[in-house]
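J.: My structure is stored as coords_4.cif, with mmCIF, C-alpha atoms and all ligand atoms.
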```cif
data_input
loop_
_atom_site.label_atom_id
_atom_site.label_comp_id
_atom_site.auth_asym_id
_atom_site.auth_seq_id
_atom_site.Cartn_x
_atom_site.Cartn_y
_atom_site.Cartn_z
CA MET A 1 0.00 0.00 0.00
CA LYS A 2 1.11 3.56 -0.66
CA LYS A 3 1.90 5.80 2.30
CA ASP A 4 -1.19 8.00 2.00
CA THR A 5 -3.37 4.87 2.18
CA VAL A 6 -1.44 3.53 5.20
CA CYS A 7 -2.03 6.89 6.92
CA VAL A 8 -5.78 6.31 6.70
CA HIS A 9 -6.04 2.55 7.14
CA GLY A 10 -2.96 1.60 9.12
CA ASN A 11 -1.64 -1.79 8.11
CA ASN A 12 -5.09 -3.34 7.85
CA LYS A 13 -4.68 -5.02 11.21
CA ASN A 14 -6.51 -2.08 12.74
CA ALA A 15 -9.94 -3.61 12.21
CA PHE A 16 -10.23 -4.89 15.78
CA ASP A 17 -13.90 -4.26 16.03
CA GLU A 18 -15.22 -6.75 13.51
CA ARG A 19 -18.34 -7.08 15.68
CA THR A 20 -19.59 -3.50 15.24
CA GLY A 21 -17.75 -2.62 12.03
CA ALA A 22 -16.47 0.64 13.56
CA VAL A 23 -14.46 2.50 10.93
CA SER A 24 -12.48 4.42 13.53
CA VAL A 25 -10.32 2.37 15.91
CA PRO A 26 -12.14 2.33 19.28
CA ILE A 27 -10.53 3.84 22.37
CA TYR A 28 -9.87 0.87 24.65
CA GLN A 29 -9.90 2.81 27.90
CA SER A 30 -9.03 -0.20 30.03
CA ALA A 31 -6.10 -0.50 32.40
CA THR A 32 -6.28 -4.28 32.48
CA PHE A 33 -7.66 -7.22 30.49
CA LYS A 34 -9.37 -10.40 31.63
CA HIS A 35 -7.48 -13.69 31.17
CA PRO A 36 -9.57 -16.52 29.67
CA ALA A 37 -7.82 -19.03 31.98
CA LEU A 38 -4.48 -19.68 33.67
CA ASN A 39 -1.59 -19.23 31.25
CA GLN A 40 -3.95 -17.79 28.63
CA SER A 41 -4.03 -14.26 27.29
CA THR A 42 -6.02 -12.36 24.69
CA GLY A 43 -2.71 -10.75 23.72
CA PHE A 44 -3.54 -7.86 26.03
CA ASP A 45 -2.79 -8.17 29.76
CA TYR A 46 -2.17 -4.73 31.21
CA SER A 47 -2.12 -1.39 29.37
CA ARG A 48 1.42 -0.47 30.39
CA MET A 49 2.51 -3.42 28.26
CA GLN A 50 -0.06 -3.54 25.46
CA ASN A 51 -3.25 -1.68 24.62
CA PRO A 52 -5.33 -2.29 21.48
CA THR A 53 -5.69 1.40 20.56
CA ARG A 54 -1.99 2.01 21.09
CA LEU A 55 -1.15 -1.15 19.12
CA ALA A 56 -3.10 0.20 16.14
CA LEU A 57 -1.01 3.38 16.31
CA GLU A 58 2.24 1.43 16.69
CA GLN A 59 1.43 -0.81 13.74
CA THR A 60 0.53 2.19 11.59
CA VAL A 61 3.79 4.01 12.37
CA ALA A 62 5.86 0.81 11.95
CA GLU A 63 4.28 0.34 8.53
CA LEU A 64 4.87 3.97 7.53
CA GLU A 65 8.54 3.77 8.55
CA GLY A 66 9.09 0.36 6.93
CA GLY A 67 9.89 -1.11 10.35
CA TYR A 68 9.10 -4.35 12.13
CA GLU A 69 7.83 -2.95 15.42
CA ALA A 70 7.01 0.42 16.99
CA PHE A 71 6.57 1.63 20.57
CA ALA A 72 4.43 4.64 21.48
CA TYR A 73 5.56 6.80 24.41
CA SER A 74 4.04 9.66 26.34
CA THR A 75 6.53 12.17 24.81
CA GLY A 76 9.44 12.25 22.39
CA MET A 77 11.77 12.83 25.34
CA SER A 78 10.54 9.73 27.18
CA ALA A 79 11.17 7.70 24.00
CA ILE A 80 14.76 8.98 23.76
CA ALA A 81 15.30 8.50 27.52
CA CYS A 82 14.20 4.88 27.09
CA LEU A 83 16.64 4.45 24.18
CA ALA A 84 19.46 5.68 26.41
CA GLU A 85 18.72 2.69 28.69
CA LEU A 86 19.97 0.36 25.94
CA PHE A 87 23.49 1.36 27.00
CA SER A 88 25.70 0.60 30.02
CA PRO A 89 28.02 2.76 32.13
CA ASN A 90 31.18 3.76 30.22
CA ASP A 91 29.52 3.28 26.84
CA ARG A 92 29.79 6.22 24.45
CA ILE A 93 27.47 7.52 21.76
CA ILE A 94 28.29 9.93 18.96
CA ALA A 95 25.62 12.58 18.37
CA SER A 96 24.97 15.42 15.89
CA GLU A 97 26.26 18.59 17.53
CA ASP A 98 23.15 20.43 16.39
CA LEU A 99 20.29 18.60 18.12
CA TYR A 100 17.04 19.57 19.79
CA GLY A 101 18.14 21.23 23.07
CA GLY A 102 16.09 18.87 25.24
CA VAL A 103 18.03 15.90 23.88
CA ILE A 104 21.34 17.64 24.61
CA ARG A 105 20.06 18.28 28.16
CA LEU A 106 19.12 14.59 28.52
CA PHE A 107 22.50 13.36 27.26
CA ASN A 108 24.58 15.91 29.23
CA CYS A 109 22.69 16.05 32.50
CA VAL A 110 21.04 12.63 32.89
CA SER A 111 22.79 10.05 30.68
CA GLU A 112 26.24 11.44 31.57
CA LYS A 113 25.43 11.07 35.29
CA ASN A 114 24.55 7.43 34.57
CA GLY A 115 27.93 6.86 32.89
CA LEU A 116 26.83 7.15 29.23
CA HIS A 117 29.10 9.67 27.50
CA THR A 118 28.21 11.63 24.38
CA ASP A 119 30.72 12.82 21.78
CA TYR A 120 29.22 15.62 19.70
CA VAL A 121 30.34 16.14 16.14
CA ASP A 122 29.10 17.64 12.88
CA THR A 123 27.57 14.41 11.56
CA SER A 124 27.31 15.87 8.05
CA ASP A 125 31.12 15.33 8.01
CA LEU A 126 31.56 11.55 7.84
CA ASP A 127 35.35 11.66 8.39
CA ALA A 128 34.79 13.66 11.57
CA VAL A 129 32.28 11.03 12.74
CA ALA A 130 34.73 8.21 11.97
CA LYS A 131 37.44 9.95 14.01
CA LYS A 132 35.17 10.00 17.08
CA ILE A 133 34.66 6.22 17.12
CA THR A 134 36.36 4.53 20.09
CA PRO A 135 36.21 0.92 21.34
CA ASP A 136 33.51 2.08 23.81
CA THR A 137 31.30 3.70 21.17
CA LYS A 138 27.99 1.88 20.80
CA ALA A 139 25.77 4.11 18.69
CA ILE A 140 25.46 7.16 16.45
CA PHE A 141 22.47 9.43 17.10
CA ILE A 142 21.51 11.89 14.38
CA GLU A 143 18.82 14.34 13.44
CA THR A 144 18.49 15.10 9.72
CA PRO A 145 17.54 17.87 9.14
CA THR A 146 18.76 19.09 12.53
CA ASN A 147 16.84 21.36 14.84
CA PRO A 148 17.25 24.32 14.29
CA MET A 149 20.19 24.66 11.86
CA MET A 150 18.83 22.28 9.19
CA GLU A 151 22.10 20.38 8.83
CA ILE A 152 21.77 17.28 6.65
CA THR A 153 23.47 13.94 7.30
CA ASP A 154 23.83 11.22 4.69
CA ILE A 155 21.88 8.36 6.30
CA ALA A 156 23.14 5.55 4.03
CA ALA A 157 26.80 6.55 4.38
CA THR A 158 26.49 6.92 8.16
CA ALA A 159 24.69 3.56 8.37
CA ALA A 160 27.54 1.90 6.45
CA LEU A 161 30.09 3.42 8.85
CA ALA A 162 28.00 2.34 11.85
CA LYS A 163 27.66 -1.19 10.52
CA ALA A 164 31.39 -1.49 9.85
CA HIS A 165 32.03 -0.74 13.55
CA GLY A 166 29.08 -2.66 15.00
CA LEU A 167 27.28 0.53 16.12
CA LEU A 168 23.56 1.25 16.16
CA LEU A 169 22.41 4.12 13.96
CA ILE A 170 19.53 6.03 15.59
CA VAL A 171 17.76 8.68 13.50
CA ASP A 172 15.41 11.30 14.93
CA ASN A 173 12.96 11.64 12.04
CA THR A 174 10.76 14.29 13.65
CA PHE A 175 11.30 17.06 11.07
CA LEU A 176 10.27 15.10 7.96
CA SER A 177 8.08 12.26 9.27
CA PRO A 178 7.97 8.93 7.42
CA TYR A 179 5.94 10.64 4.71
CA PHE A 180 9.10 12.33 3.39
CA GLN A 181 11.91 10.22 4.88
CA GLN A 182 12.22 6.55 5.89
CA PRO A 183 15.66 6.16 7.52
CA LEU A 184 15.29 2.39 8.08
CA ASN A 185 15.27 1.92 4.30
CA PHE A 186 18.68 3.63 4.19
CA GLY A 187 20.25 1.34 6.80
CA ALA A 188 19.31 3.00 10.10
CA ASP A 189 18.54 0.61 13.00
CA VAL A 190 16.21 2.81 15.02
CA VAL A 191 13.92 5.71 14.17
CA VAL A 192 12.68 7.97 16.92
CA HIS A 193 10.06 10.71 16.77
CA SER A 194 8.62 13.46 18.77
CA GLY A 195 5.15 12.30 17.71
CA THR A 196 3.95 15.59 19.17
CA LYS A 197 5.00 17.21 15.89
CA PHE A 198 4.08 16.20 12.32
CA LEU A 199 2.70 12.74 13.16
CA CYS A 200 0.11 14.18 15.55
CA GLY A 201 -0.05 17.33 13.48
CA HIS A 202 -2.59 19.31 15.48
CA ASN A 203 -0.59 20.89 18.30
CA ASP A 204 -2.85 19.13 20.80
CA THR A 205 -1.12 15.91 21.90
CA LEU A 206 2.30 14.96 23.23
CA SER A 207 3.78 11.63 22.16
CA GLY A 208 6.95 9.82 21.15
CA LEU A 209 7.55 6.88 18.84
CA ILE A 210 10.40 4.43 18.39
CA VAL A 211 10.52 2.13 15.36
CA VAL A 212 12.98 -0.75 14.86
CA LYS A 213 13.50 -3.28 12.12
CA ASP A 214 15.37 -5.91 14.13
CA VAL A 215 13.40 -8.46 16.16
CA ALA A 216 16.06 -8.87 18.89
CA LEU A 217 16.41 -5.11 19.34
CA GLY A 218 12.61 -4.91 19.50
CA GLU A 219 12.66 -7.45 22.34
CA ARG A 220 15.25 -5.45 24.30
CA LEU A 221 13.13 -2.34 23.88
CA ARG A 222 9.92 -4.16 24.79
CA PHE A 223 11.55 -5.12 28.12
CA LEU A 224 12.59 -1.50 28.80
CA TYR A 225 9.20 -0.22 27.63
CA LYS A 226 7.17 -2.33 30.05
CA THR A 227 9.68 -1.77 32.86
CA ILE A 228 9.98 2.01 32.60
CA GLY A 229 6.28 2.54 31.87
CA SER A 230 6.24 5.82 29.94
CA CYS A 231 3.59 4.51 27.54
CA LEU A 232 1.06 6.56 25.59
CA SER A 233 -2.50 6.57 26.93
CA PRO A 234 -5.35 5.01 24.90
CA PHE A 235 -7.00 8.39 24.28
CA ASP A 236 -3.77 10.05 23.14
CA SER A 237 -3.09 7.01 20.95
CA TRP A 238 -6.44 7.56 19.32
CA LEU A 239 -5.72 11.28 18.81
CA MET A 240 -2.45 10.28 17.14
CA LEU A 241 -4.21 7.80 14.85
CA ARG A 242 -6.70 10.50 13.95
CA GLY A 243 -3.91 12.99 13.27
CA ILE A 244 -1.96 10.55 11.08
CA LYS A 245 -4.98 10.05 8.79
CA THR A 246 -4.22 13.47 7.25
CA LEU A 247 -0.40 13.26 7.45
CA ALA A 248 0.05 13.05 3.66
CA LEU A 249 -2.28 16.00 2.97
CA ARG A 250 -0.71 18.15 5.67
CA MET A 251 2.90 17.41 4.70
CA GLU A 252 2.20 18.32 1.05
CA LYS A 253 0.29 21.51 1.85
CA GLN A 254 2.80 22.65 4.49
CA GLN A 255 5.69 22.05 2.10
CA GLN A 256 3.95 23.95 -0.73
CA SER A 257 3.48 26.95 1.57
CA ALA A 258 7.07 26.66 2.84
CA TYR A 259 8.36 27.09 -0.75
CA LYS A 260 6.29 30.28 -1.10
CA ILE A 261 7.45 31.61 2.25
CA VAL A 262 11.11 30.92 1.42
CA LYS A 263 10.63 32.97 -1.78
CA PHE A 264 9.15 35.82 0.23
CA LEU A 265 11.97 35.67 2.81
CA GLN A 266 14.53 35.76 -0.02
CA SER A 267 12.99 39.06 -1.14
CA SER A 268 13.03 40.66 2.31
CA PRO A 269 15.99 43.02 2.91
CA LYS A 270 15.86 42.34 6.65
CA VAL A 271 16.37 38.60 6.21
CA LYS A 272 20.08 37.84 6.03
CA LYS A 273 20.19 34.06 5.93
CA ILE A 274 17.65 31.31 5.19
CA LEU A 275 18.16 27.73 6.31
CA TYR A 276 15.81 25.49 4.35
CA ALA A 277 16.82 22.14 2.98
CA GLY A 278 14.88 22.67 -0.26
CA ILE A 279 16.91 25.55 -1.68
CA PRO A 280 18.80 24.17 -4.72
CA GLY A 281 22.54 24.47 -4.24
CA SER A 282 22.27 24.77 -0.46
CA LYS A 283 24.47 22.55 1.73
CA GLY A 284 22.86 19.14 2.00
CA TYR A 285 20.46 19.65 -0.92
CA ASP A 286 21.92 16.80 -3.00
CA ILE A 287 21.84 14.39 -0.05
CA MET A 288 18.23 15.37 0.64
CA LYS A 289 17.35 14.59 -3.00
CA LYS A 290 18.83 11.11 -2.51
CA GLN A 291 17.21 10.16 0.78
CA THR A 292 13.92 12.04 1.00
CA THR A 293 10.83 12.58 -1.12
CA GLY A 294 10.32 16.13 0.15
CA PHE A 295 12.01 18.97 1.99
CA GLY A 296 9.36 19.61 4.60
CA SER A 297 8.09 22.83 6.08
CA MET A 298 10.62 23.86 8.71
CA ILE A 299 12.47 27.09 7.93
CA SER A 300 15.08 28.79 10.10
CA PHE A 301 16.09 32.31 9.15
CA GLU A 302 18.36 35.00 10.46
CA VAL A 303 17.22 38.63 10.52
CA ASP A 304 19.44 41.71 10.57
CA SER A 305 19.36 42.35 14.33
CA ALA A 306 18.12 41.07 17.67
CA ALA A 307 15.72 44.04 17.66
CA THR A 308 14.13 42.81 14.41
CA ALA A 309 13.83 39.29 15.84
CA GLU A 310 12.10 40.69 18.93
CA ARG A 311 9.82 42.80 16.75
CA VAL A 312 8.78 39.76 14.71
CA LEU A 313 7.91 37.78 17.84
CA LYS A 314 5.86 40.67 19.19
CA LYS A 315 4.10 41.60 15.96
CA VAL A 316 3.05 38.24 14.48
CA ARG A 317 -0.75 37.95 14.67
CA LEU A 318 -1.71 34.79 12.78
CA ILE A 319 1.53 32.92 13.41
CA ALA A 320 1.88 32.06 17.11
CA PHE A 321 5.10 32.75 19.01
CA ALA A 322 5.25 29.33 20.65
CA GLU A 323 7.48 26.29 21.04
CA SER A 324 6.83 23.12 19.05
CA LEU A 325 6.38 22.50 15.35
CA GLY A 326 4.71 20.39 12.70
CA GLY A 327 1.08 21.19 13.49
CA THR A 328 -1.83 22.74 11.62
CA GLU A 329 -1.15 26.15 13.19
CA SER A 330 2.02 27.97 12.09
CA LEU A 331 4.40 28.59 14.98
CA ILE A 332 7.49 30.78 15.28
CA THR A 333 10.18 29.97 17.82
CA TYR A 334 13.23 31.82 19.16
CA PRO A 335 15.67 28.91 19.66
CA THR A 336 18.22 30.87 21.69
CA VAL A 337 15.77 31.48 24.55
CA GLN A 338 13.35 28.59 24.01
CA THR A 339 14.35 25.18 22.62
CA HIS A 340 18.12 25.68 23.13
CA ALA A 341 18.29 27.81 26.29
CA ASP A 342 20.12 25.03 28.14
CA VAL A 343 22.94 24.84 25.59
CA PRO A 344 25.86 27.02 26.85
CA LEU A 345 25.90 30.46 25.19
CA ASP A 346 29.30 30.06 23.50
CA GLU A 347 28.18 26.70 22.03
CA ARG A 348 24.96 28.28 20.77
CA GLU A 349 26.86 31.17 19.17
CA LYS A 350 29.38 28.80 17.59
CA ARG A 351 26.57 26.86 15.95
CA GLY A 352 24.74 29.95 14.74
CA ILE A 353 21.92 29.78 17.29
CA ASN A 354 22.16 33.52 17.95
CA ASP A 355 19.72 36.25 18.95
CA ARG A 356 18.87 36.92 15.30
CA LEU A 357 17.77 33.36 14.50
CA LEU A 358 14.08 32.48 14.23
CA ARG A 359 12.56 29.10 13.43
CA LEU A 360 9.27 28.90 11.57
CA SER A 361 7.03 25.86 11.41
CA VAL A 362 4.66 26.38 8.50
CA GLY A 363 1.09 25.22 9.19
CA ILE A 364 -1.82 24.57 6.86
CA GLU A 365 -3.18 28.12 6.71
CA ASN A 366 -3.32 29.92 3.36
CA ALA A 367 0.24 30.82 2.35
CA ALA A 368 -0.75 34.37 1.30
CA ASP A 369 -2.10 35.05 4.79
CA LEU A 370 1.09 33.72 6.37
CA ILE A 371 3.26 35.86 4.08
CA ALA A 372 1.17 38.96 4.83
CA ASP A 373 1.62 38.30 8.55
CA LEU A 374 5.39 37.84 8.22
CA LYS A 375 5.63 40.95 6.03
CA GLN A 376 3.99 43.24 8.58
CA ALA A 377 5.92 41.61 11.46
CA ILE A 378 9.37 41.85 9.84
CA GLY A 379 8.75 45.41 8.63
CA LYS A 380 10.67 47.29 5.94
C1 LIG B 401 13.78 16.90 16.89
C2 LIG B 401 13.11 16.69 18.22
N1 LIG B 401 13.28 15.53 18.87
C3 LIG B 401 12.71 15.29 20.08
C4 LIG B 401 11.91 16.25 20.68
C5 LIG B 401 11.28 15.96 22.02
O1 LIG B 401 9.93 15.64 21.84
P1 LIG B 401 8.75 15.96 22.92
O2 LIG B 401 8.65 17.44 23.03
O3 LIG B 401 7.56 15.30 22.29
O4 LIG B 401 9.15 15.33 24.20
C6 LIG B 401 11.70 17.47 20.04
C7 LIG B 401 10.86 18.50 20.66
O5 LIG B 401 10.77 19.61 20.20
C8 LIG B 401 12.31 17.70 18.78
O6 LIG B 401 12.14 18.84 18.10
#
```
As structure tokens, please, write out the structure in this file.
Ligand SMILES: Cc1ncc(COP(=O)(O)O)c(C=O)c1O
T.:
Amino acid sequence: MKKDTVCVHGNNKNAFDERTGAVSVPIYQSATFKHPALNQSTGFDYSRMQNPTRLALEQTVAELEGGYEAFAYSTGMSAIACLAELFSPNDRIIASEDLYGGVIRLFNCVSEKNGLHTDYVDTSDLDAVAKKITPDTKAIFIETPTNPMMEITDIAATAALAKAHGLLLIVDNTFLSPYFQQPLNFGADVVVHSGTKFLCGHNDTLSGLIVVKDVALGERLRFLYKTIGSCLSPFDSWLMLRGIKTLALRMEKQQQSAYKIVKFLQSSPKVKKILYAGIPGSKGYDIMKKQTTGFGSMISFEVDSAATAERVLKKVRLIAFAESLGGTESLITYPTVQTHADVPLDEREKRGINDRLLRLSVGIENAADLIADLKQAIGK
């Protein structure tokens, strides 16, 4: 089945309710499930371990990503925190130096305390990644495109390097969703999502997803999943399923509007730099063409001064000045004080996350209205 069909119908195993013929997966709001007899199970025992509504979501996302098994978590952060439990004290992971700030906080302040060390590197530079590999390295963790600098990493080349050294390749696929990018098909071992973003798509539900293609790795994660217990609730699972039904439509519309907005930003004298993976000739463009079917709708841009950035945040009317991304409503974020506030200032500056940088998540509103809003907010 094509992806837009999978978005609506899942993997066809979603028809649990043969009895009533319900077209929408029911919300199984049950903490526990009755056993038919000793040593017998319906396949559902206790909702921390399995829940039918959540299973429908997990099967849908696994199918979309081309994976074997998926796990739905209460947030993207709880999914990544669970992944960190795959490792032991003194293990090392290599990570993209430009990552969502919350993940950097997790690695530096929680995983480090537990003995898991992170070596940050520009993962778009494969030689630099190779140089970071030590006998203790166990995994490479990348975002592509990264948040917020839109750096692109070659998934297939990084997967080959990881394989050659027996490392896991973990890809945070939040920015493009499986609709535009399926890292497992390029050799990644694990895909992780903030499901809060494009998968949910409505700025109303928090969730996280992990997808794997290896049965044994799935078993290790299943153990951690049931033990840690940061699972997604049945109702939020249903909201996610409902959101995913329109994933294909939203991704296409948001991308179309992003192209138009990039054009407008290119014409604005106050905009000094635009970071969007879909600009021909831009760094990473050729790799994107190879490994994705679209460029998405996340745009970072630098304005001429901190005063202009502040003005934009104050003056936007339709676009909301708010954290998060990927939903129906367009949002503008100020990474230096929001998503990346916990990254030390000199690190932020070095990576270009300065007080002139804004990050725009294009929603599904009419592009002309969004451009008019940006125009009046940026000023002449
Ligand atoms: C790329 C990326 N990964 C992970 C996360 C964390 O997800 P959540 O906010 O759902 O915990 C975020 C949140 O913004 C993100 O942008």
J.: Given all atoms listed in the file, how would the per-residue table for range 134-166 of chain A near range 95-105 of chain A read, listing every residue at most 9 Å away with its closest atom pair and distance in Å to one decimal, sorted by chain and number, as a Markdown table?
T.:
```
| residue | atom | partner | partner_atom | distance |
| --- | --- | --- | --- | --- |
| A:Ala139 | CA | A:Ala95 | CA | 8.5 |
| A:Ile140 | CA | A:Ala95 | CA | 5.8 |
| A:Phe141 | CA | A:Ala95 | CA | 4.6 |
| A:Ile142 | CA | A:Ser96 | CA | 5.2 |
| A:Glu143 | CA | A:Leu99 | CA | 6.5 |
| A:Thr144 | CA | A:Ser96 | CA | 9.0 |
| A:Thr146 | CA | A:Leu99 | CA | 5.8 |
| A:Asn147 | CA | A:Tyr100 | CA | 5.3 |
| A:Pro148 | CA | A:Tyr100 | CA | 7.3 |
| A:Met149 | CA | A:Asp98 | CA | 6.9 |
| A:Met150 | CA | A:Asp98 | CA | 8.6 |
| A:Glu151 | CA | A:Asp98 | CA | 7.6 |
| A:Thr153 | CA | A:Ser96 | CA | 8.8 |
```
J.: Quick one: residues within 10 Å of Asn354 in chain A, all atoms listed in the file counted, chain neighbours fewer than 4 positions away excluded, as an mmCIF file with C-alpha atoms, in the frame of the given file?
T.:
```
data_model
loop_
_atom_site.group_PDB
_atom_site.id
_atom_site.type_symbol
_atom_site.label_atom_id
_atom_site.label_comp_id
_atom_site.auth_asym_id
_atom_site.auth_seq_id
_atom_site.Cartn_x
_atom_site.Cartn_y
_atom_site.Cartn_z
ATOM 1 C CA GLU A 302 18.360 35.000 10.460
ATOM 2 C CA SER A 305 19.360 42.350 14.330
ATOM 3 C CA ALA A 306 18.120 41.070 17.670
ATOM 4 C CA TYR A 334 13.230 31.820 19.160
ATOM 5 C CA PRO A 335 15.670 28.910 19.660
ATOM 6 C CA THR A 336 18.220 30.870 21.690
ATOM 7 C CA VAL A 337 15.770 31.480 24.550
ATOM 8 C CA LEU A 345 25.900 30.460 25.190
ATOM 9 C CA ASP A 346 29.300 30.060 23.500
ATOM 10 C CA GLU A 347 28.180 26.700 22.030
ATOM 11 C CA ARG A 348 24.960 28.280 20.770
ATOM 12 C CA GLU A 349 26.860 31.170 19.170
ATOM 13 C CA LYS A 350 29.380 28.800 17.590
ATOM 14 C CA LEU A 358 14.080 32.480 14.230
#
```
J.: Measuring between all atoms listed in the file, which one of A:Met77, A:Ala258, A:Ile155, A:Ile353 shows the shortest distance to ligand LIG 401 (chain B)?
T.: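 Once distances to ligand LIG 401 (chain B) are computed over all atoms listed in the file, the minimum belongs to A:Met77.
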J.: Could you produce a table of the residues of chain A lying within 8 Å of ligand LIG 401 (chain B), with the nearest pair of atoms per residue and their separation in Å rounded to one decimal, using all atoms listed in the file, ordered by chain and increasing residue number, as JSON lines?
T.:
```
{"residue": "A:Ser74", "atom": "CA", "partner": "B:LIG401", "partner_atom": "O3", "distance": 7.8}
{"residue": "A:Thr75", "atom": "CA", "partner": "B:LIG401", "partner_atom": "O3", "distance": 4.1}
{"residue": "A:Gly76", "atom": "CA", "partner": "B:LIG401", "partner_atom": "O1", "distance": 3.5}
{"residue": "A:Met77", "atom": "CA", "partner": "B:LIG401", "partner_atom": "O4", "distance": 3.8}
{"residue": "A:Ser78", "atom": "CA", "partner": "B:LIG401", "partner_atom": "O4", "distance": 6.5}
{"residue": "A:Ala79", "atom": "CA", "partner": "B:LIG401", "partner_atom": "O4", "distance": 7.9}
{"residue": "A:Ile80", "atom": "CA", "partner": "B:LIG401", "partner_atom": "C3", "distance": 7.6}
{"residue": "A:Leu99", "atom": "CA", "partner": "B:LIG401", "partner_atom": "C1", "distance": 6.8}
{"residue": "A:Tyr100", "atom": "CA", "partner": "B:LIG401", "partner_atom": "C1", "distance": 5.1}
{"residue": "A:Gly102", "atom": "CA", "partner": "B:LIG401", "partner_atom": "C5", "distance": 6.5}
{"residue": "A:Val103", "atom": "CA", "partner": "B:LIG401", "partner_atom": "C3", "distance": 6.6}
{"residue": "A:Glu143", "atom": "CA", "partner": "B:LIG401", "partner_atom": "C1", "distance": 6.6}
{"residue": "A:Thr146", "atom": "CA", "partner": "B:LIG401", "partner_atom": "C1", "distance": 7.0}
{"residue": "A:Asn147", "atom": "CA", "partner": "B:LIG401", "partner_atom": "C1", "distance": 5.8}
{"residue": "A:Asp172", "atom": "CA", "partner": "B:LIG401", "partner_atom": "C1", "distance": 6.2}
{"residue": "A:Asn173", "atom": "CA", "partner": "B:LIG401", "partner_atom": "C1", "distance": 7.2}
{"residue": "A:Thr174", "atom": "CA", "partner": "B:LIG401", "partner_atom": "C1", "distance": 5.1}
{"residue": "A:Phe175", "atom": "CA", "partner": "B:LIG401", "partner_atom": "C1", "distance": 6.3}
{"residue": "A:Val192", "atom": "CA", "partner": "B:LIG401", "partner_atom": "N1", "distance": 7.8}
{"residue": "A:His193", "atom": "CA", "partner": "B:LIG401", "partner_atom": "N1", "distance": 6.2}
{"residue": "A:Ser194", "atom": "CA", "partner": "B:LIG401", "partner_atom": "O1", "distance": 4.0}
{"residue": "A:Gly195", "atom": "CA", "partner": "B:LIG401", "partner_atom": "O3", "distance": 6.0}
{"residue": "A:Thr196", "atom": "CA", "partner": "B:LIG401", "partner_atom": "O3", "distance": 4.8}
{"residue": "A:Lys197", "atom": "CA", "partner": "B:LIG401", "partner_atom": "O3", "distance": 7.2}
{"residue": "A:Leu206", "atom": "CA", "partner": "B:LIG401", "partner_atom": "O3", "distance": 5.4}
{"residue": "A:Ser207", "atom": "CA", "partner": "B:LIG401", "partner_atom": "O3", "distance": 5.3}
{"residue": "A:Gly208", "atom": "CA", "partner": "B:LIG401", "partner_atom": "O3", "distance": 5.6}
{"residue": "A:Glu323", "atom": "CA", "partner": "B:LIG401", "partner_atom": "O5", "distance": 7.5}
{"residue": "A:Ser324", "atom": "CA", "partner": "B:LIG401", "partner_atom": "O5", "distance": 5.4}
{"residue": "A:Leu325", "atom": "CA", "partner": "B:LIG401", "partner_atom": "O5", "distance": 7.2}
{"residue": "A:Thr339", "atom": "CA", "partner": "B:LIG401", "partner_atom": "O5", "distance": 7.0}
```
J.: Just checking: using only C-alpha atoms, which residue out of A:Gln338, A:Ser30, A:Thr293, A:Ser330 ends up closest to Asp373 in chain A?
T.: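 Nearest to Asp373 in chain A: A:Ser330.
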